[in-house]
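Data block for structure.cif (mmCIF, N, CA, C and O atoms):
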```cif
data_run
loop_
_atom_site.group_PDB
_atom_site.id
_atom_site.type_symbol
_atom_site.label_atom_id
_atom_site.label_comp_id
_atom_site.auth_asym_id
_atom_site.auth_seq_id
_atom_site.Cartn_x
_atom_site.Cartn_y
_atom_site.Cartn_z
ATOM 1 N N MET A 124 189.867 75.778 75.051
ATOM 2 C CA MET A 124 188.819 76.772 74.956
ATOM 3 C C MET A 124 188.345 76.893 73.506
ATOM 4 O O MET A 124 187.163 76.918 73.262
ATOM 5 N N TRP A 125 189.267 76.944 72.542
ATOM 6 C CA TRP A 125 188.865 77.079 71.143
ATOM 7 C C TRP A 125 188.032 75.888 70.701
ATOM 8 O O TRP A 125 187.040 76.035 70.017
ATOM 9 N N LEU A 126 188.435 74.688 71.128
ATOM 10 C CA LEU A 126 187.710 73.480 70.741
ATOM 11 C C LEU A 126 186.280 73.530 71.250
ATOM 12 O O LEU A 126 185.346 73.213 70.534
ATOM 13 N N ARG A 127 186.084 73.970 72.465
ATOM 14 C CA ARG A 127 184.749 74.075 73.040
ATOM 15 C C ARG A 127 183.892 75.058 72.248
ATOM 16 O O ARG A 127 182.742 74.770 71.923
ATOM 17 N N VAL A 128 184.416 76.190 71.911
ATOM 18 C CA VAL A 128 183.679 77.196 71.140
ATOM 19 C C VAL A 128 183.346 76.663 69.752
ATOM 20 O O VAL A 128 182.223 76.799 69.273
ATOM 21 N N ALA A 129 184.297 76.010 69.097
ATOM 22 C CA ALA A 129 184.065 75.475 67.757
ATOM 23 C C ALA A 129 182.998 74.384 67.783
ATOM 24 O O ALA A 129 182.116 74.341 66.937
ATOM 25 N N LEU A 130 183.049 73.489 68.759
ATOM 26 C CA LEU A 130 182.073 72.408 68.826
ATOM 27 C C LEU A 130 180.685 72.902 69.202
ATOM 28 O O LEU A 130 179.693 72.380 68.721
ATOM 29 N N CYS A 131 180.606 73.918 70.050
ATOM 30 C CA CYS A 131 179.294 74.432 70.439
ATOM 31 C C CYS A 131 178.543 74.990 69.241
ATOM 32 O O CYS A 131 177.324 74.901 69.172
ATOM 33 N N GLY A 132 179.217 75.554 68.281
ATOM 34 C CA GLY A 132 178.568 76.049 67.082
ATOM 35 C C GLY A 132 178.225 74.946 66.104
ATOM 36 O O GLY A 132 177.351 75.086 65.269
ATOM 37 N N TRP A 133 178.873 73.799 66.233
ATOM 38 C CA TRP A 133 178.689 72.706 65.290
ATOM 39 C C TRP A 133 177.656 71.693 65.765
ATOM 40 O O TRP A 133 176.899 71.154 64.972
ATOM 41 N N LEU A 134 177.635 71.423 67.060
ATOM 42 C CA LEU A 134 176.733 70.409 67.588
ATOM 43 C C LEU A 134 175.293 70.915 67.648
ATOM 44 O O LEU A 134 175.041 72.051 68.005
ATOM 45 N N THR A 135 174.379 70.042 67.314
ATOM 46 C CA THR A 135 172.954 70.339 67.409
ATOM 47 C C THR A 135 172.524 70.165 68.859
ATOM 48 O O THR A 135 172.920 69.199 69.501
ATOM 49 N N PRO A 136 171.701 71.076 69.395
ATOM 50 C CA PRO A 136 171.260 70.904 70.786
ATOM 51 C C PRO A 136 170.379 69.670 70.933
ATOM 52 O O PRO A 136 169.687 69.262 70.000
ATOM 53 N N THR A 137 170.422 69.084 72.127
ATOM 54 C CA THR A 137 169.589 67.922 72.394
ATOM 55 C C THR A 137 168.307 68.359 73.085
ATOM 56 O O THR A 137 168.277 69.365 73.788
ATOM 57 N N LEU A 138 167.262 67.608 72.860
ATOM 58 C CA LEU A 138 166.017 67.853 73.569
ATOM 59 C C LEU A 138 166.197 67.381 75.000
ATOM 60 O O LEU A 138 166.751 66.314 75.250
ATOM 61 N N SER A 139 165.732 68.172 75.949
ATOM 62 C CA SER A 139 165.824 67.765 77.349
ATOM 63 C C SER A 139 164.598 68.267 78.088
ATOM 64 O O SER A 139 163.910 69.183 77.638
ATOM 65 N N GLY A 140 164.328 67.652 79.218
ATOM 66 C CA GLY A 140 163.158 68.020 79.996
ATOM 67 C C GLY A 140 161.899 67.447 79.379
ATOM 68 O O GLY A 140 161.929 66.493 78.610
ATOM 69 N N ALA A 141 160.773 68.052 79.702
ATOM 70 C CA ALA A 141 159.488 67.595 79.175
ATOM 71 C C ALA A 141 159.353 68.007 77.714
ATOM 72 O O ALA A 141 159.498 69.170 77.371
ATOM 73 N N VAL A 142 159.106 67.033 76.853
ATOM 74 C CA VAL A 142 158.968 67.276 75.418
ATOM 75 C C VAL A 142 157.660 66.642 74.958
ATOM 76 O O VAL A 142 157.361 65.506 75.317
ATOM 77 N N ASP A 143 156.898 67.391 74.181
ATOM 78 C CA ASP A 143 155.637 66.880 73.642
ATOM 79 C C ASP A 143 155.713 66.961 72.123
ATOM 80 O O ASP A 143 155.900 68.045 71.569
ATOM 81 N N ILE A 144 155.615 65.812 71.470
ATOM 82 C CA ILE A 144 155.599 65.778 70.011
ATOM 83 C C ILE A 144 154.173 65.479 69.595
ATOM 84 O O ILE A 144 153.655 64.388 69.842
ATOM 85 N N ASP A 145 153.548 66.475 69.011
ATOM 86 C CA ASP A 145 152.172 66.358 68.560
ATOM 87 C C ASP A 145 152.219 65.822 67.134
ATOM 88 O O ASP A 145 152.873 66.399 66.274
ATOM 89 N N PHE A 146 151.534 64.736 66.873
ATOM 90 C CA PHE A 146 151.648 64.105 65.563
ATOM 91 C C PHE A 146 150.874 64.832 64.478
ATOM 92 O O PHE A 146 150.788 64.366 63.358
ATOM 93 N N SER A 147 150.338 66.005 64.807
ATOM 94 C CA SER A 147 149.819 66.874 63.753
ATOM 95 C C SER A 147 150.954 67.750 63.234
ATOM 96 O O SER A 147 150.770 68.541 62.332
ATOM 97 N N GLY A 148 152.153 67.611 63.854
ATOM 98 C CA GLY A 148 153.333 68.297 63.348
ATOM 99 C C GLY A 148 153.893 69.400 64.207
ATOM 100 O O GLY A 148 154.511 70.330 63.711
ATOM 101 N N ARG A 149 153.740 69.325 65.532
ATOM 102 C CA ARG A 149 154.277 70.359 66.422
ATOM 103 C C ARG A 149 155.189 69.738 67.470
ATOM 104 O O ARG A 149 154.960 68.621 67.936
ATOM 105 N N LEU A 150 156.219 70.493 67.828
ATOM 106 C CA LEU A 150 157.155 70.106 68.876
ATOM 107 C C LEU A 150 157.032 71.139 69.988
ATOM 108 O O LEU A 150 157.222 72.334 69.751
ATOM 109 N N ARG A 151 156.716 70.666 71.180
ATOM 110 C CA ARG A 151 156.579 71.577 72.314
ATOM 111 C C ARG A 151 157.594 71.208 73.382
ATOM 112 O O ARG A 151 157.653 70.058 73.810
ATOM 113 N N THR A 152 158.380 72.205 73.782
ATOM 114 C CA THR A 152 159.307 72.038 74.894
ATOM 115 C C THR A 152 158.910 73.065 75.939
ATOM 116 O O THR A 152 157.937 73.801 75.769
ATOM 117 N N GLN A 153 159.691 73.143 76.980
ATOM 118 C CA GLN A 153 159.400 74.091 78.052
ATOM 119 C C GLN A 153 159.396 75.534 77.529
ATOM 120 O O GLN A 153 158.589 76.342 77.959
ATOM 121 N N ASP A 154 160.262 75.843 76.563
ATOM 122 C CA ASP A 154 160.412 77.214 76.077
ATOM 123 C C ASP A 154 159.865 77.445 74.677
ATOM 124 O O ASP A 154 159.737 78.588 74.256
ATOM 125 N N ASN A 155 159.584 76.394 73.923
ATOM 126 C CA ASN A 155 159.235 76.550 72.515
ATOM 127 C C ASN A 155 157.975 75.779 72.151
ATOM 128 O O ASN A 155 157.665 74.759 72.754
ATOM 129 N N ASP A 156 157.307 76.276 71.133
ATOM 130 C CA ASP A 156 156.191 75.579 70.494
ATOM 131 C C ASP A 156 156.346 75.864 69.012
ATOM 132 O O ASP A 156 156.014 76.947 68.547
ATOM 133 N N GLU A 157 156.917 74.892 68.288
ATOM 134 C CA GLU A 157 157.260 75.124 66.889
ATOM 135 C C GLU A 157 156.727 74.010 66.006
ATOM 136 O O GLU A 157 156.614 72.863 66.456
ATOM 137 N N PRO A 158 156.441 74.319 64.744
ATOM 138 C CA PRO A 158 156.057 73.255 63.814
ATOM 139 C C PRO A 158 157.287 72.435 63.420
ATOM 140 O O PRO A 158 158.391 72.955 63.299
ATOM 141 N N ILE A 159 157.078 71.150 63.222
ATOM 142 C CA ILE A 159 158.161 70.271 62.771
ATOM 143 C C ILE A 159 158.199 70.314 61.251
ATOM 144 O O ILE A 159 157.200 70.060 60.597
ATOM 145 N N ARG A 160 159.351 70.682 60.706
ATOM 146 C CA ARG A 160 159.512 70.723 59.247
ATOM 147 C C ARG A 160 159.878 69.371 58.668
ATOM 148 O O ARG A 160 159.365 68.954 57.655
ATOM 149 N N SER A 161 160.815 68.689 59.342
ATOM 150 C CA SER A 161 161.228 67.371 58.870
ATOM 151 C C SER A 161 161.892 66.611 60.011
ATOM 152 O O SER A 161 162.230 67.181 61.046
ATOM 153 N N VAL A 162 162.069 65.308 59.779
ATOM 154 C CA VAL A 162 162.729 64.448 60.760
ATOM 155 C C VAL A 162 163.768 63.625 60.013
ATOM 156 O O VAL A 162 163.481 63.051 58.964
ATOM 157 N N GLY A 163 164.981 63.594 60.544
ATOM 158 C CA GLY A 163 166.062 62.819 59.936
ATOM 159 C C GLY A 163 166.236 61.490 60.646
ATOM 160 O O GLY A 163 166.453 61.451 61.858
ATOM 161 N N PHE A 164 166.140 60.404 59.885
ATOM 162 C CA PHE A 164 166.221 59.057 60.442
ATOM 163 C C PHE A 164 167.520 58.337 60.102
ATOM 164 O O PHE A 164 167.673 57.163 60.412
ATOM 165 N N LYS A 165 168.459 59.022 59.467
ATOM 166 C CA LYS A 165 169.680 58.371 58.988
ATOM 167 C C LYS A 165 170.447 57.664 60.107
ATOM 168 O O LYS A 165 171.015 56.610 59.904
ATOM 169 N N PHE A 166 170.450 58.248 61.280
ATOM 170 C CA PHE A 166 171.165 57.663 62.422
ATOM 171 C C PHE A 166 170.199 57.232 63.518
ATOM 172 O O PHE A 166 170.501 57.310 64.703
ATOM 173 N N ALA A 167 169.015 56.756 63.113
ATOM 174 C CA ALA A 167 167.964 56.401 64.072
ATOM 175 C C ALA A 167 168.400 55.316 65.057
ATOM 176 O O ALA A 167 167.817 55.196 66.124
ATOM 177 N N PHE A 168 169.432 54.556 64.722
ATOM 178 C CA PHE A 168 169.949 53.566 65.682
ATOM 179 C C PHE A 168 170.512 54.252 66.923
ATOM 180 O O PHE A 168 170.607 53.634 67.982
ATOM 181 N N ALA A 169 170.854 55.548 66.824
ATOM 182 C CA ALA A 169 171.406 56.291 67.952
ATOM 183 C C ALA A 169 170.586 57.529 68.310
ATOM 184 O O ALA A 169 170.438 57.861 69.481
ATOM 185 N N PHE A 170 170.061 58.224 67.298
ATOM 186 C CA PHE A 170 169.283 59.448 67.538
ATOM 187 C C PHE A 170 168.486 59.797 66.292
ATOM 188 O O PHE A 170 168.752 59.290 65.208
ATOM 189 N N VAL A 171 167.493 60.668 66.463
ATOM 190 C CA VAL A 171 166.790 61.264 65.327
ATOM 191 C C VAL A 171 167.001 62.772 65.392
ATOM 192 O O VAL A 171 167.214 63.338 66.462
ATOM 193 N N VAL A 172 166.969 63.393 64.234
ATOM 194 C CA VAL A 172 167.112 64.848 64.141
ATOM 195 C C VAL A 172 165.739 65.414 63.796
ATOM 196 O O VAL A 172 165.146 65.026 62.796
ATOM 197 N N ILE A 173 165.240 66.302 64.639
ATOM 198 C CA ILE A 173 163.956 66.950 64.402
ATOM 199 C C ILE A 173 164.243 68.383 63.999
ATOM 200 O O ILE A 173 164.891 69.123 64.740
ATOM 201 N N VAL A 174 163.763 68.756 62.821
ATOM 202 C CA VAL A 174 164.041 70.092 62.270
ATOM 203 C C VAL A 174 162.795 70.957 62.392
ATOM 204 O O VAL A 174 161.713 70.579 61.940
ATOM 205 N N THR A 175 162.960 72.118 63.027
ATOM 206 C CA THR A 175 161.906 73.124 63.127
ATOM 207 C C THR A 175 162.396 74.375 62.405
ATOM 208 O O THR A 175 163.572 74.457 62.054
ATOM 209 N N PRO A 176 161.543 75.353 62.168
ATOM 210 C CA PRO A 176 162.004 76.563 61.485
ATOM 211 C C PRO A 176 163.131 77.306 62.222
ATOM 212 O O PRO A 176 163.962 77.950 61.601
ATOM 213 N N GLN A 177 163.180 77.177 63.534
ATOM 214 C CA GLN A 177 164.176 77.906 64.317
ATOM 215 C C GLN A 177 165.502 77.172 64.479
ATOM 216 O O GLN A 177 166.549 77.782 64.550
ATOM 217 N N ARG A 178 165.454 75.826 64.560
ATOM 218 C CA ARG A 178 166.681 75.066 64.839
ATOM 219 C C ARG A 178 166.478 73.586 64.561
ATOM 220 O O ARG A 178 165.395 73.154 64.234
ATOM 221 N N ARG A 179 167.550 72.831 64.757
ATOM 222 C CA ARG A 179 167.509 71.375 64.694
ATOM 223 C C ARG A 179 167.708 70.840 66.104
ATOM 224 O O ARG A 179 168.466 71.411 66.881
ATOM 225 N N TRP A 180 167.042 69.749 66.415
ATOM 226 C CA TRP A 180 167.151 69.126 67.727
ATOM 227 C C TRP A 180 167.562 67.661 67.565
ATOM 228 O O TRP A 180 167.145 67.006 66.624
ATOM 229 N N LEU A 181 168.324 67.163 68.514
ATOM 230 C CA LEU A 181 168.640 65.735 68.570
ATOM 231 C C LEU A 181 167.791 65.096 69.662
ATOM 232 O O LEU A 181 167.682 65.632 70.762
ATOM 233 N N LEU A 182 167.210 63.962 69.342
ATOM 234 C CA LEU A 182 166.547 63.141 70.349
ATOM 235 C C LEU A 182 167.308 61.823 70.402
ATOM 236 O O LEU A 182 167.269 61.022 69.463
ATOM 237 N N TRP A 183 168.049 61.617 71.484
ATOM 238 C CA TRP A 183 168.895 60.437 71.632
ATOM 239 C C TRP A 183 168.070 59.227 72.003
ATOM 240 O O TRP A 183 167.144 59.312 72.821
ATOM 241 N N ARG A 184 168.414 58.096 71.421
ATOM 242 C CA ARG A 184 167.703 56.847 71.682
ATOM 243 C C ARG A 184 167.742 56.477 73.157
ATOM 244 O O ARG A 184 166.756 56.020 73.724
ATOM 245 N N ASP A 185 168.880 56.671 73.800
ATOM 246 C CA ASP A 185 169.006 56.266 75.198
ATOM 247 C C ASP A 185 168.363 57.245 76.182
ATOM 248 O O ASP A 185 168.444 57.056 77.383
ATOM 249 N N SER A 186 167.691 58.272 75.656
ATOM 250 C CA SER A 186 167.022 59.220 76.550
ATOM 251 C C SER A 186 165.606 58.773 76.903
ATOM 252 O O SER A 186 164.935 59.432 77.695
ATOM 253 N N CYS A 187 165.151 57.673 76.310
ATOM 254 C CA CYS A 187 163.828 57.147 76.646
ATOM 255 C C CYS A 187 163.863 55.621 76.584
ATOM 256 O O CYS A 187 164.842 55.032 76.127
ATOM 257 N N ARG A 188 162.797 54.997 77.036
ATOM 258 C CA ARG A 188 162.742 53.534 77.022
ATOM 259 C C ARG A 188 162.728 53.018 75.588
ATOM 260 O O ARG A 188 162.212 53.679 74.686
ATOM 261 N N ASP A 189 163.289 51.818 75.372
ATOM 262 C CA ASP A 189 163.391 51.247 74.028
ATOM 263 C C ASP A 189 162.045 51.144 73.328
ATOM 264 O O ASP A 189 161.921 51.506 72.158
ATOM 265 N N GLY A 190 161.046 50.636 74.026
ATOM 266 C CA GLY A 190 159.723 50.496 73.424
ATOM 267 C C GLY A 190 159.133 51.840 73.013
ATOM 268 O O GLY A 190 158.537 51.966 71.943
ATOM 269 N N ASP A 191 159.318 52.845 73.851
ATOM 270 C CA ASP A 191 158.815 54.190 73.534
ATOM 271 C C ASP A 191 159.533 54.769 72.320
ATOM 272 O O ASP A 191 158.920 55.393 71.461
ATOM 273 N N TYR A 192 160.851 54.543 72.263
ATOM 274 C CA TYR A 192 161.623 55.068 71.138
ATOM 275 C C TYR A 192 161.195 54.406 69.828
ATOM 276 O O TYR A 192 161.001 55.070 68.818
ATOM 277 N N ARG A 193 161.009 53.086 69.843
ATOM 278 C CA ARG A 193 160.572 52.381 68.633
ATOM 279 C C ARG A 193 159.192 52.848 68.189
ATOM 280 O O ARG A 193 158.951 53.065 66.998
ATOM 281 N N GLN A 194 158.275 53.023 69.147
ATOM 282 C CA GLN A 194 156.941 53.529 68.815
ATOM 283 C C GLN A 194 157.009 54.931 68.232
ATOM 284 O O GLN A 194 156.314 55.259 67.276
ATOM 285 N N LEU A 195 157.859 55.761 68.820
ATOM 286 C CA LEU A 195 158.027 57.128 68.322
ATOM 287 C C LEU A 195 158.529 57.122 66.886
ATOM 288 O O LEU A 195 158.011 57.852 66.034
ATOM 289 N N LEU A 196 159.513 56.283 66.583
ATOM 290 C CA LEU A 196 160.036 56.204 65.213
ATOM 291 C C LEU A 196 158.947 55.807 64.222
ATOM 292 O O LEU A 196 158.812 56.417 63.156
ATOM 293 N N VAL A 197 158.173 54.811 64.577
ATOM 294 C CA VAL A 197 157.112 54.356 63.682
ATOM 295 C C VAL A 197 156.109 55.471 63.436
ATOM 296 O O VAL A 197 155.732 55.750 62.292
ATOM 297 N N ARG A 198 155.699 56.146 64.496
ATOM 298 C CA ARG A 198 154.704 57.216 64.339
ATOM 299 C C ARG A 198 155.268 58.419 63.583
ATOM 300 O O ARG A 198 154.569 59.012 62.766
ATOM 301 N N LEU A 199 156.522 58.772 63.831
ATOM 302 C CA LEU A 199 157.123 59.899 63.102
ATOM 303 C C LEU A 199 157.219 59.578 61.609
ATOM 304 O O LEU A 199 156.930 60.434 60.765
ATOM 305 N N LYS A 200 157.617 58.363 61.280
ATOM 306 C CA LYS A 200 157.743 57.985 59.869
ATOM 307 C C LYS A 200 156.373 57.961 59.182
ATOM 308 O O LYS A 200 156.250 58.339 58.031
ATOM 309 N N ARG A 201 155.376 57.503 59.898
ATOM 310 C CA ARG A 201 154.055 57.354 59.303
ATOM 311 C C ARG A 201 153.292 58.681 59.208
ATOM 312 O O ARG A 201 152.608 58.943 58.236
ATOM 313 N N GLU A 202 153.428 59.530 60.225
ATOM 314 C CA GLU A 202 152.538 60.679 60.322
ATOM 315 C C GLU A 202 153.171 62.021 59.993
ATOM 316 O O GLU A 202 152.458 63.013 59.878
ATOM 317 N N LEU A 203 154.493 62.076 59.866
ATOM 318 C CA LEU A 203 155.109 63.379 59.553
ATOM 319 C C LEU A 203 155.858 63.327 58.248
ATOM 320 O O LEU A 203 156.345 62.413 57.785
#
```

As structure tokens, the full file:
Amino acid sequence: MWLRVALCGWLTPTLSGAVDIDFSGRLRTQDNDEPIRSVGFKFAFAFVVIVTPQRRWLLWRDSCRDGDYRQLLVRLKREL
């Protein structure tokens, strides 16, 4: 039980469901519409970290098709 509580505070939530990343700098999920402050590419081989004013989100590479993920990385690096 303690391990679960400790990890829940440490792990960044993952994006799930319908997600819209507007390349003018907004992240829209089912419950949120927030500006994107920054994107972390350090572990892009596995996931990217999207930082908004409210929280950080993980977008896992295996959550979308390879071609879509590669295109997303290129556009995020170029436009944000």

Name the residues in contact with A:Arg184 at a cut-off of 5 Å, using all atoms listed in the file, excluding same-chain residues fewer than 2 positions from it; report them as a PDB file with N, CA, C and O atoms, in the frame of the given file.
```
ATOM      1  N   ALA A 169     170.854  55.548  66.824  1.00  0.00           N
ATOM      2  CA  ALA A 169     171.406  56.291  67.952  1.00  0.00           C
ATOM      3  C   ALA A 169     170.586  57.529  68.310  1.00  0.00           C
ATOM      4  O   ALA A 169     170.438  57.861  69.481  1.00  0.00           O
ATOM      5  N   PHE A 170     170.061  58.224  67.298  1.00  0.00           N
ATOM      6  CA  PHE A 170     169.283  59.448  67.538  1.00  0.00           C
ATOM      7  C   PHE A 170     168.486  59.797  66.292  1.00  0.00           C
ATOM      8  O   PHE A 170     168.752  59.290  65.208  1.00  0.00           O
ATOM      9  N   LEU A 182     167.210  63.962  69.342  1.00  0.00           N
ATOM     10  CA  LEU A 182     166.547  63.141  70.349  1.00  0.00           C
ATOM     11  C   LEU A 182     167.308  61.823  70.402  1.00  0.00           C
ATOM     12  O   LEU A 182     167.269  61.022  69.463  1.00  0.00           O
ATOM     13  N   SER A 186     167.691  58.272  75.656  1.00  0.00           N
ATOM     14  CA  SER A 186     167.022  59.220  76.550  1.00  0.00           C
ATOM     15  C   SER A 186     165.606  58.773  76.903  1.00  0.00           C
ATOM     16  O   SER A 186     164.935  59.432  77.695  1.00  0.00           O
ATOM     17  N   CYS A 187     165.151  57.673  76.310  1.00  0.00           N
ATOM     18  CA  CYS A 187     163.828  57.147  76.646  1.00  0.00           C
ATOM     19  C   CYS A 187     163.863  55.621  76.584  1.00  0.00           C
ATOM     20  O   CYS A 187     164.842  55.032  76.127  1.00  0.00           O
TER      21      CYS A 187
END
```

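Interatomic distance, atom N of A:Lys165 against atom CA of A:Asp145: 20.0 Å.
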
(request) Measuring atom to atom with all atoms listed in the file, identify which of A:Trp180, A:Arg193, A:Thr137, A:Asp185 is nearest to A:Gly163. (result) A:Trp180

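Atom pair atom N of A:Phe146 / atom O of A:Arg179: separated by 18.2 Å.
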
(request) Evaluate the PyMOL selection byres (((chain A and resi 194-198 and name CA) around 10) and name CA) here and jot the selected residues down as JSON, numbers by chain. (result) {"A": [144, 146, 162, 164, 167, 171, 189, 190, 191, 192, 193, 199, 200, 201, 202, 203]}

(message) For the structure I just gave you, how does DSSP split chain A - specifically, which residues are helix (DSSP H, G or I)? Reply as a VMD selection string.
(response) chain A and resid 125 to 133 184 to 186 189 to 202

(message) So the first atom is atom N of A:Thr175 and the second is atom C of A:Ala141; what is the distance between them in Å, to one decimal place?
(response) 15.7 Å

(message) the PyMOL selection byres (((chain A and resi 154 and name CA) around 12) and name CA) - which residues does that actually catch in the file I just gave you? List them as an MDAnalysis selection string.
(response) chainID A and resid 138:143 150:153 155:157

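Taking chain A and asking which residues DSSP calls strand (DSSP E) on the backbone, you get Asp143, Ile144, Asp145, Arg149, Leu150, Arg151, Asp156, Glu157, Pro158, Ser161, Val162, Gly163, Phe170, Val171, Val172, Ile173, Val174, Arg179, Trp180, Leu181, Leu182 and Trp183 of chain A.
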
What are the centre and edge lengths in Å, to one decimal, of the axis-aligned box around all listed atoms of stretch 162-180 of chain A with 3 Å added on each side, as lines of an AutoDock Vina configuration file?
```
center_x = 166.5
center_y = 65.8
center_z = 64.2
size_x = 15.9
size_y = 30.4
size_z = 16.5
```
